[in-house]
file query27.txt (compact mmCIF, C-alpha atoms)
# COMPACT_ATOMS: atom_id res chain seq x y z
CA ASP A 1 10.67 -6.65 16.84
CA ALA A 2 8.40 -3.60 16.74
CA GLY A 3 6.59 -2.98 13.50
CA VAL A 4 5.59 0.35 12.03
CA THR A 5 3.77 2.52 14.53
CA GLN A 6 1.62 5.57 13.89
CA SER A 7 0.03 8.19 16.11
CA PRO A 8 -2.58 9.22 16.77
CA THR A 9 -5.02 6.44 15.88
CA HIS A 10 -7.91 8.79 15.24
CA LEU A 11 -8.16 12.53 14.81
CA ILE A 12 -11.00 14.96 14.24
CA LYS A 13 -10.22 18.41 12.86
CA THR A 14 -12.15 21.36 11.49
CA ARG A 15 -11.80 22.78 7.99
CA GLY A 16 -8.92 25.22 7.74
CA GLN A 17 -6.97 23.73 10.63
CA GLN A 18 -3.56 22.09 10.44
CA VAL A 19 -2.68 18.54 11.46
CA THR A 20 0.50 16.58 12.13
CA LEU A 21 0.66 12.80 11.91
CA ARG A 22 3.58 10.75 13.16
CA CYS A 23 5.23 7.53 12.10
CA SER A 24 8.00 5.37 13.53
CA PRO A 25 9.45 2.89 11.04
CA LYS A 26 10.10 -0.77 11.63
CA SER A 27 13.42 -1.41 13.36
CA GLY A 28 16.27 -1.33 10.84
CA HIS A 29 14.31 0.57 8.20
CA ASP A 30 15.51 3.94 6.88
CA THR A 31 12.83 4.91 4.35
CA VAL A 32 9.34 6.14 5.11
CA SER A 33 6.49 6.52 2.65
CA TRP A 34 3.09 8.09 3.24
CA TYR A 35 -0.18 7.12 1.58
CA GLN A 36 -3.70 8.50 1.69
CA GLN A 37 -6.58 6.05 1.50
CA ALA A 38 -10.04 7.51 0.99
CA LEU A 39 -12.99 5.35 1.97
CA GLY A 40 -13.54 2.52 -0.47
CA GLN A 41 -10.45 3.28 -2.53
CA GLY A 42 -6.89 2.06 -2.81
CA PRO A 43 -4.04 3.94 -1.12
CA GLN A 44 -2.58 6.88 -3.02
CA PHE A 45 1.13 7.73 -2.69
CA ILE A 46 1.82 11.10 -1.08
CA PHE A 47 5.61 11.19 -0.71
CA GLN A 48 8.66 9.26 0.44
CA TYR A 49 11.55 10.23 2.72
CA TYR A 50 15.04 8.83 2.79
CA GLU A 51 18.11 10.35 4.46
CA GLU A 52 15.88 13.16 5.73
CA GLU A 53 15.01 14.29 2.21
CA GLU A 54 11.84 14.00 0.16
CA ARG A 55 12.79 11.59 -2.63
CA GLN A 56 9.54 11.13 -4.51
CA ARG A 57 6.21 12.89 -4.44
CA GLY A 58 2.80 11.93 -5.68
CA ASN A 59 0.13 14.20 -7.07
CA PHE A 60 -0.68 16.06 -3.87
CA PRO A 61 -0.73 19.83 -3.29
CA ASP A 62 1.86 21.73 -1.30
CA ARG A 63 -0.52 21.75 1.65
CA PHE A 64 0.90 18.29 2.28
CA SER A 65 4.43 18.40 3.64
CA GLY A 66 6.65 16.11 5.60
CA HIS A 67 9.80 15.65 7.53
CA GLN A 68 12.12 12.83 8.45
CA PHE A 69 14.23 12.91 11.58
CA PRO A 70 17.74 11.49 12.16
CA ASN A 71 16.19 8.46 13.91
CA TYR A 72 14.22 7.80 10.65
CA SER A 73 10.84 8.63 12.16
CA SER A 74 8.65 10.90 10.09
CA GLU A 75 5.85 13.44 10.25
CA LEU A 76 3.15 14.28 7.76
CA ASN A 77 1.73 17.79 7.98
CA VAL A 78 -1.42 18.96 6.26
CA ASN A 79 -2.32 22.66 6.26
CA ALA A 80 -5.63 24.35 5.53
CA LEU A 81 -7.59 21.13 5.88
CA LEU A 82 -10.42 20.43 3.45
CA LEU A 83 -13.33 18.05 3.88
CA GLY A 84 -11.77 15.95 1.13
CA ASP A 85 -8.70 15.35 3.27
CA SER A 86 -10.75 12.98 5.42
CA ALA A 87 -9.09 9.60 4.94
CA LEU A 88 -6.94 6.89 6.46
CA TYR A 89 -3.31 7.96 6.34
CA LEU A 90 -0.91 5.07 6.10
CA CYS A 91 2.79 5.10 6.79
CA ALA A 92 5.06 2.45 5.33
CA SER A 93 8.72 1.73 5.97
CA SER A 94 11.38 -0.09 3.99
CA SER A 95 15.15 -0.34 3.73
CA GLY A 96 18.17 -1.15 1.62
CA THR A 97 17.84 -2.89 -1.69
CA GLY A 98 14.42 -4.14 -0.68
CA ARG A 99 13.24 -0.60 -0.39
CA ASN A 100 10.19 -1.31 -2.50
CA LYS A 101 9.02 -4.02 -0.10
CA GLN A 102 7.09 -1.78 2.23
CA TYR A 103 5.66 -2.63 5.62
CA PHE A 104 2.60 -0.66 6.66
CA GLY A 105 1.48 0.73 9.97
CA PRO A 106 -2.11 0.64 11.26
CA GLY A 107 -2.85 4.12 9.95
CA THR A 108 -4.32 7.33 11.32
CA ARG A 109 -7.99 7.97 10.62
CA LEU A 110 -8.44 11.70 9.98
CA THR A 111 -11.91 13.19 9.91
CA VAL A 112 -12.33 16.79 8.81
CA THR A 113 -15.64 18.43 9.72
CA ALA B 114 2.41 6.33 -15.95
CA GLN B 115 1.57 3.24 -13.99
CA LYS B 116 -1.92 1.89 -13.50
CA VAL B 117 -3.43 -1.09 -11.70
CA THR B 118 -6.98 -2.26 -12.33
CA GLN B 119 -8.94 -4.62 -10.12
CA ALA B 120 -12.21 -5.01 -11.95
CA GLN B 121 -13.95 -7.00 -9.20
CA THR B 122 -15.10 -4.69 -6.44
CA GLU B 123 -16.61 -7.37 -4.24
CA ILE B 124 -16.71 -11.18 -4.23
CA SER B 125 -18.86 -13.24 -1.89
CA VAL B 126 -18.23 -16.96 -1.42
CA VAL B 127 -19.16 -19.71 0.97
CA GLU B 128 -16.44 -21.16 3.15
CA LYS B 129 -14.27 -23.79 1.41
CA GLU B 130 -14.94 -22.38 -2.03
CA ASP B 131 -12.01 -21.16 -4.12
CA VAL B 132 -11.84 -17.49 -5.03
CA THR B 133 -9.71 -15.81 -7.70
CA LEU B 134 -8.93 -12.10 -7.66
CA ASP B 135 -8.01 -10.45 -10.94
CA CYS B 136 -5.32 -7.80 -11.37
CA VAL B 137 -4.32 -6.10 -14.62
CA TYR B 138 -1.52 -3.56 -14.74
CA GLU B 139 -0.03 -1.00 -17.11
CA THR B 140 3.56 0.23 -17.07
CA ARG B 141 6.21 1.38 -19.51
CA ASP B 142 9.00 0.07 -17.30
CA THR B 143 10.82 -3.04 -18.46
CA THR B 144 11.62 -3.98 -14.88
CA TYR B 145 9.01 -3.70 -12.19
CA TYR B 146 7.58 -5.39 -9.13
CA LEU B 147 4.08 -6.60 -8.43
CA PHE B 148 2.55 -7.02 -5.00
CA TRP B 149 -0.54 -8.24 -3.23
CA TYR B 150 -1.59 -6.83 0.13
CA LYS B 151 -4.43 -7.83 2.43
CA GLN B 152 -6.33 -5.21 4.43
CA PRO B 153 -8.45 -6.69 7.22
CA PRO B 154 -11.06 -4.55 9.02
CA SER B 155 -8.34 -3.28 11.39
CA GLY B 156 -6.99 -1.25 8.47
CA GLU B 157 -3.35 -2.31 8.43
CA LEU B 158 -2.06 -3.47 5.05
CA VAL B 159 -0.47 -6.91 5.32
CA PHE B 160 2.16 -7.87 2.75
CA LEU B 161 1.40 -11.15 0.96
CA ILE B 162 3.78 -11.41 -1.98
CA ARG B 163 6.24 -9.52 -4.18
CA ARG B 164 7.02 -10.69 -7.71
CA ASN B 165 9.82 -9.41 -9.98
CA SER B 166 8.83 -8.86 -13.60
CA PHE B 167 11.57 -11.23 -14.74
CA ASP B 168 10.19 -14.10 -12.72
CA GLU B 169 7.07 -15.49 -14.33
CA GLN B 170 6.94 -18.67 -12.31
CA ASN B 171 3.69 -19.17 -10.49
CA GLU B 172 3.94 -19.33 -6.74
CA ILE B 173 2.05 -21.22 -4.08
CA SER B 174 2.09 -20.47 -0.38
CA GLY B 175 -0.26 -22.63 1.62
CA ARG B 176 -3.80 -21.87 0.43
CA TYR B 177 -2.59 -18.88 -1.59
CA SER B 178 -1.35 -19.03 -5.17
CA TRP B 179 -0.41 -16.41 -7.73
CA ASN B 180 -0.50 -16.55 -11.53
CA PHE B 181 1.75 -13.97 -13.24
CA GLN B 182 1.30 -13.62 -17.01
CA LYS B 183 3.45 -10.91 -18.52
CA SER B 184 1.89 -11.41 -21.97
CA THR B 185 -1.48 -10.27 -20.67
CA SER B 186 -0.14 -7.92 -17.94
CA SER B 187 -1.99 -9.84 -15.28
CA PHE B 188 -1.10 -10.98 -11.78
CA ASN B 189 -4.04 -12.95 -10.41
CA PHE B 190 -4.42 -14.28 -6.88
CA THR B 191 -6.30 -17.42 -5.85
CA ILE B 192 -7.36 -18.43 -2.36
CA THR B 193 -8.06 -22.14 -2.21
CA ALA B 194 -10.59 -23.55 0.26
CA SER B 195 -11.46 -20.11 1.59
CA GLN B 196 -12.00 -19.50 5.30
CA VAL B 197 -13.92 -16.83 7.18
CA VAL B 198 -10.59 -15.30 8.27
CA ASP B 199 -9.84 -14.57 4.61
CA SER B 200 -12.55 -11.92 4.62
CA ALA B 201 -10.77 -8.65 3.86
CA VAL B 202 -9.99 -6.19 1.09
CA TYR B 203 -7.17 -7.31 -1.17
CA PHE B 204 -5.02 -4.88 -3.10
CA CYS B 205 -2.78 -5.46 -6.06
CA ALA B 206 0.09 -2.97 -6.41
CA LEU B 207 2.89 -2.11 -8.82
CA SER B 208 6.23 -0.36 -8.40
CA GLY B 209 9.09 0.53 -10.69
CA VAL B 210 12.76 0.14 -9.88
CA ILE B 211 14.81 3.22 -9.10
CA LYS B 212 18.19 2.41 -7.62
CA ALA B 213 18.78 5.82 -6.11
CA ALA B 214 15.72 5.77 -3.94
CA GLY B 215 12.81 3.72 -2.87
CA ASN B 216 9.82 3.29 -5.03
CA LYS B 217 6.23 4.31 -4.69
CA LEU B 218 3.51 1.72 -4.85
CA THR B 219 0.63 2.23 -7.26
CA PHE B 220 -2.42 0.42 -5.94
CA GLY B 221 -5.54 -0.88 -7.58
CA GLY B 222 -8.94 -0.05 -6.19
CA GLY B 223 -9.11 -3.26 -4.18
CA THR B 224 -11.42 -6.28 -4.13
CA ARG B 225 -13.50 -6.93 -1.04
CA VAL B 226 -13.76 -10.65 -0.29
CA LEU B 227 -16.54 -11.85 1.97
CA VAL B 228 -16.37 -15.48 3.06
CA LYS B 229 -19.57 -16.73 4.63
CA PRO B 230 -19.60 -19.70 6.99

call {"tool": "encode", "arguments": {"input": "query27.txt", "output": "structure tokens"}}
result
Amino acid sequence: DAGVTQSPTHLIKTRGQQVTLRCSPKSGHDTVSWYQQALGQGPQFIFQYYEEEERQRGNFPDRFSGHQFPNYSSELNVNALLLGDSALYLCASSSGTGRNKQYFGPGTRLTVT
Amino acid sequence: AQKVTQAQTEISVVEKEDVTLDCVYETRDTTYYLFWYKQPPSGELVFLIRRNSFDEQNEISGRYSWNFQKSTSSFNFTITASQVVDSAVYFCALSGVIKAAGNKLTFGGGTRVLVKP
């Protein structure tokens, strides 16, 4: 049973560029949440997708956007990258009535130079 | 607004010692869930436990135990007879309950546990 997978593992971008991160949920899960974890801090909720719609959003600017596909996989897009966007981006999946029990992927380490 | 505070930033113990991680939370919700996650150096968050706000029974799972006290808004985690493999960052998290959709997790700042042989 495959768990949550994320790609790429690491990414280096320059300020002002755009980046797309990808996530495949655990088998049987239909909800994907994205979190940003800066070094030495706890994860911060970005947004959550269910039935291909953004259901909840944290306190992040519009530069952060996402998408969920019919197969439940998801993308996180960040435009106009800032140095402060450097972080570990974690994807979590969940399903059904246990939707708040979230299973996390290994994350994508984004470095903005 | 929800808030989770983990006052201990780092705890260092010698193998076989017990270690207790503190977690204090704030929420206006009457129903909520509390969680503990472990983050080893690999970076992936590993689910340890979920507790419903209506269930105040303490729980034990192997060397892990959790003490939930609603009166003091605390959900503390104890590792008994610690092992080197327990070295990681541990996060306490809180979520509300929204039937129409999933729920975001609000995390504390984490406590780094270092177990020395």

call {"tool": "residues_near_point", "arguments": {"input": "query27.txt", "point": "(-10.0, -20.2, 2.2)", "cutoff": "7 Å", "atoms": "all atoms listed in the file", "output": "list in words"}}
result
Glu128, Lys129, Glu130, Asp131, Arg176, Ile192, Thr193, Ala194, Ser195, Gln196 and Asp199 of chain B

call {"tool": "closest_atom_pairs", "arguments": {"input": "query27.txt", "of": "chain B", "to": "chain A", "cutoff": "6 Å", "atoms": "all atoms listed in the file", "output": "JSON lines"}}
result
{"residue": "B:Gly156", "atom": "CA", "partner": "A:Pro106", "partner_atom": "CA", "distance": 5.9}
{"residue": "B:Glu157", "atom": "CA", "partner": "A:Pro106", "partner_atom": "CA", "distance": 4.3}
{"residue": "B:Leu158", "atom": "CA", "partner": "A:Phe104", "partner_atom": "CA", "distance": 5.7}
{"residue": "B:Gly215", "atom": "CA", "partner": "A:Arg99", "partner_atom": "CA", "distance": 5.0}
{"residue": "B:Asn216", "atom": "CA", "partner": "A:Asn100", "partner_atom": "CA", "distance": 5.3}
{"residue": "B:Phe220", "atom": "CA", "partner": "A:Gly42", "partner_atom": "CA", "distance": 5.7}
{"residue": "B:Gly221", "atom": "CA", "partner": "A:Gly42", "partner_atom": "CA", "distance": 5.8}
{"residue": "B:Gly222", "atom": "CA", "partner": "A:Gly42", "partner_atom": "CA", "distance": 4.5}
{"residue": "B:Gly223", "atom": "CA", "partner": "A:Gly42", "partner_atom": "CA", "distance": 5.9}

call {"tool": "residues_around", "arguments": {"input": "query27.txt", "residues": "Arg141 (chain B)", "least_positions_apart": "6", "cutoff": "10 Å", "atoms": "only C-alpha atoms", "output": "list in words"}}
result
Ala114, Gln115 and Gly209 of chain B

call {"tool": "atom_distance", "arguments": {"input": "query27.txt", "atom1": "CA of Phe188 (chain B)", "atom2": "CA of Leu207 (chain B)"}}
result
10.2 Å

call {"tool": "residues_near_point", "arguments": {"input": "query27.txt", "point": "(0.2, -14.9, -8.1)", "cutoff": "7 Å", "atoms": "only C-alpha atoms", "output": "JSON, numbers by chain"}}
result
{"B": [171, 172, 178, 179, 180, 181, 188, 189, 190]}

call {"tool": "atom_distance", "arguments": {"input": "query27.txt", "atom1": "CA of Pro153 (chain B)", "atom2": "CA of Val202 (chain B)"}}
result
6.3 Å

call {"tool": "residues_around", "arguments": {"input": "query27.txt", "residues": "Ser73 (chain A)", "least_positions_apart": "6", "cutoff": "8 Å", "atoms": "all atoms listed in the file", "output": "list of chain:residue names"}}
result
A:Arg22, A:Cys23, A:Ser24, A:Pro25, A:Val32

call {"tool": "write_last_selection", "arguments": {"input": "query27.txt", "atoms": "C-alpha atoms", "output": "JSON list (two decimals), keeping the file's coordinate frame"}}
result
[["chain", "number", "residue", "atom", "x", "y", "z"],
["A", 22, "ARG", "CA", 3.58, 10.75, 13.16],
["A", 23, "CYS", "CA", 5.23, 7.53, 12.10],
["A", 24, "SER", "CA", 8.00, 5.37, 13.53],
["A", 25, "PRO", "CA", 9.45, 2.89, 11.04],
["A", 32, "VAL", "CA", 9.34, 6.14, 5.11]]

call {"tool": "closest_residue", "arguments": {"input": "query27.txt", "among": "A:Gln36, A:Ile12, A:Asn71, A:Ala2", "to": "Leu218 (chain B)", "atoms": "all atoms listed in the file"}}
result
A:Gln36

call {"tool": "residues_around", "arguments": {"input": "query27.txt", "residues": "Thr191 (chain B)", "least_positions_apart": "2", "cutoff": "6 Å", "atoms": "all atoms listed in the file", "output": "list in words"}}
result
Val132, Thr133, Tyr177 and Ser178 of chain B
